[in-house]
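The structure appears right after this line, and notes come after that.
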Amino acid sequence: MKALVLSGGAGTRLRPITHTSAKQLVPVANKAVLFYGLESIAAAGVTEVGMIVGDTADEIREAVGDGSRFGLRITYIPQERPLGLAHAVIVARDFLGDDDFVMYLGDNFIVGGITDLVDEFRRTRPDAQILLTRVPDPRAFGVAELDSAGQVVGLEEKPREPKSDLALVGVYLFTPAVHEAVRAVRPSFRGELEITHAIQWLIDAGADVRSTIIKGYWKDTGNVVDMLEVNRTVLEGLERRIDGEVDDASETVGRVIVEPGARVVNSRVVGPVVIGAGTEVRDSYVGPFTSVAENCRITDSELEFSIVLRDSSIDGVGRIENSLIGRHVEVTPAPGVPSAHRLVLGDHSKVQIHT
């Protein structure tokens with residue numbers, strides 16, 4: 001069995017972070033989202049991975065390498081444009097051959113991994129198996145309709161009027177039967193070859209398409225709100241570890257990780273928090289659910305429920321929360337300016353100004 005990992009796409013919902021960085025490499029708890037998926041694939045006993053890459057191919061290659069650090073063998077497969085998940089299967093045809101495979105969206109996050117799902121697929125081997133989860137607003141997802149027996153009877157991509165609250169999770173398992181299906185479908189109104197249309201083709205052709213409703217935690221980390229939420233979830237599982245320096249004037253409370261080379265000086269850190277290697281926190285407060293990457297500087301500031309990427313500094317700005325701060329960013333106070341009011345008033349106006 002092989003894996004096909006999708007690591008292309010423009011990441012428009014995470015801009016401006018993704019103007020200069022692949023969305024799959026934005027870190028949660030100081031580790032790229034993509035790496036969690038690769039670790040799950042390796043844990044499931046799959047070692048041959050095809051990595052679909054696009055405009056950010058060089059950055060993905062530099063971060064992942066040949067895959068050996070994850071126990072994987074990576075083959076990079078270029079996709080000129082993000083033309084849909086079914087199109088990704090088409091361009092990966094030579095790599096996939098006639099093997100079964102799991103397709104994993106590189107910006108998705110599933111707590112607990114996929115080992116049980118892969119084992120079940122290997123044991124029962126339907127033509128396709130999809131993962132579903134209940135969501136409050138399914139209009140932003142592919143949506144599945146099940147019959148009274150729990151059998152998949154229909155799929156729709158981002159429907160205006162969903163027939164259920166069951167959204168497709170970004171992990172799919174296929175036999176080679178899917179190759180005929182992806183070549184049979186036509187572009188959707190979005191101009192993409194949708195994997196939901198290919199699976200629907202299999203259903204209509206009488207193929208064995210099964211579903212598993214997962215009850216664990218799943219997120220598509222395509223926007224800032226979900227990225228911060230995944231960061232919170234991962235941080236909740238931390239074990240306290242102080243490998244860096246914490247001076248006597250500082251306090252660390254709860255599940256706090258201070259990586260080697262990091263320094264906490266005259267500050268209070270309340271976990272769960274991770275402070276990256278080489279980072280200095282001075283005269284500051286870092287509160288729960290915050291990840292500060294390597295080689296950052298936090299000075300005379302307060303930070304909570306946020307992600308700060310590497311080589312950034314926050315200096316003297318009071319309180320920051322619910323924020324995603326990119327790489328090589330400098331956050332400083334605005335220069336002081338005289339207080340003034342700018343008015344455009346009509347005739348016979350009466351204005352009261354509090355001074």
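Identifiers for the structure tokens are assigned positionally: chains receive A, B, ... in sequence, residues are indexed from 1 per chain, and ligands are indexed from 1 in the order shown.
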* stretch 109-123 of chain A: which residues within 10 Å, counting only C-alpha atoms, same-chain residues fewer than 2 positions away excluded, as a PyMOL selection string? -> chain A and resi 1+33-46+100-102+104-107+125-131+169-175+210+212+214+216-221+227+230+233-234
* Surrounding residues of stretch 281-295 of chain A excluding itself and chain neighbours under 5 positions, 8 Å, only C-alpha atoms, as a PyMOL selection string -> chain A and resi 28-30+231-232+235-236+263-276+300-312
* Shell around A:Arg240 at 7 Å using only C-alpha atoms, local window under 2 positions removed, as a PyMOL selection string -> chain A and resi 238+242+254-257
* For A:Glu59, please output as JSON, numbers by chain all residues within 12 Å (counting only C-alpha atoms; exclusion window: fewer than 2 positions along the same chain). => {"A": [7, 8, 18, 20, 21, 22, 23, 24, 25, 26, 53, 54, 55, 56, 57, 61, 62, 63, 64, 65]}
Give me the residues of stretch 71-126 of chain A that have any atom at most 6 Å from an atom of stretch 178-194 of chain A; for each, the nearest atom pair and the distance in Å, rounded to one decimal. Use only C-alpha atoms, sort by chain and number, and format it as JSON lines.
```
{"residue": "A:Leu83", "atom": "CA", "partner": "A:Glu192", "partner_atom": "CA", "distance": 4.7}
{"residue": "A:Gly84", "atom": "CA", "partner": "A:Glu192", "partner_atom": "CA", "distance": 4.6}
{"residue": "A:Leu85", "atom": "CA", "partner": "A:Glu194", "partner_atom": "CA", "distance": 5.8}
{"residue": "A:Ala86", "atom": "CA", "partner": "A:Leu193", "partner_atom": "CA", "distance": 5.2}
{"residue": "A:His87", "atom": "CA", "partner": "A:Leu193", "partner_atom": "CA", "distance": 5.6}
```
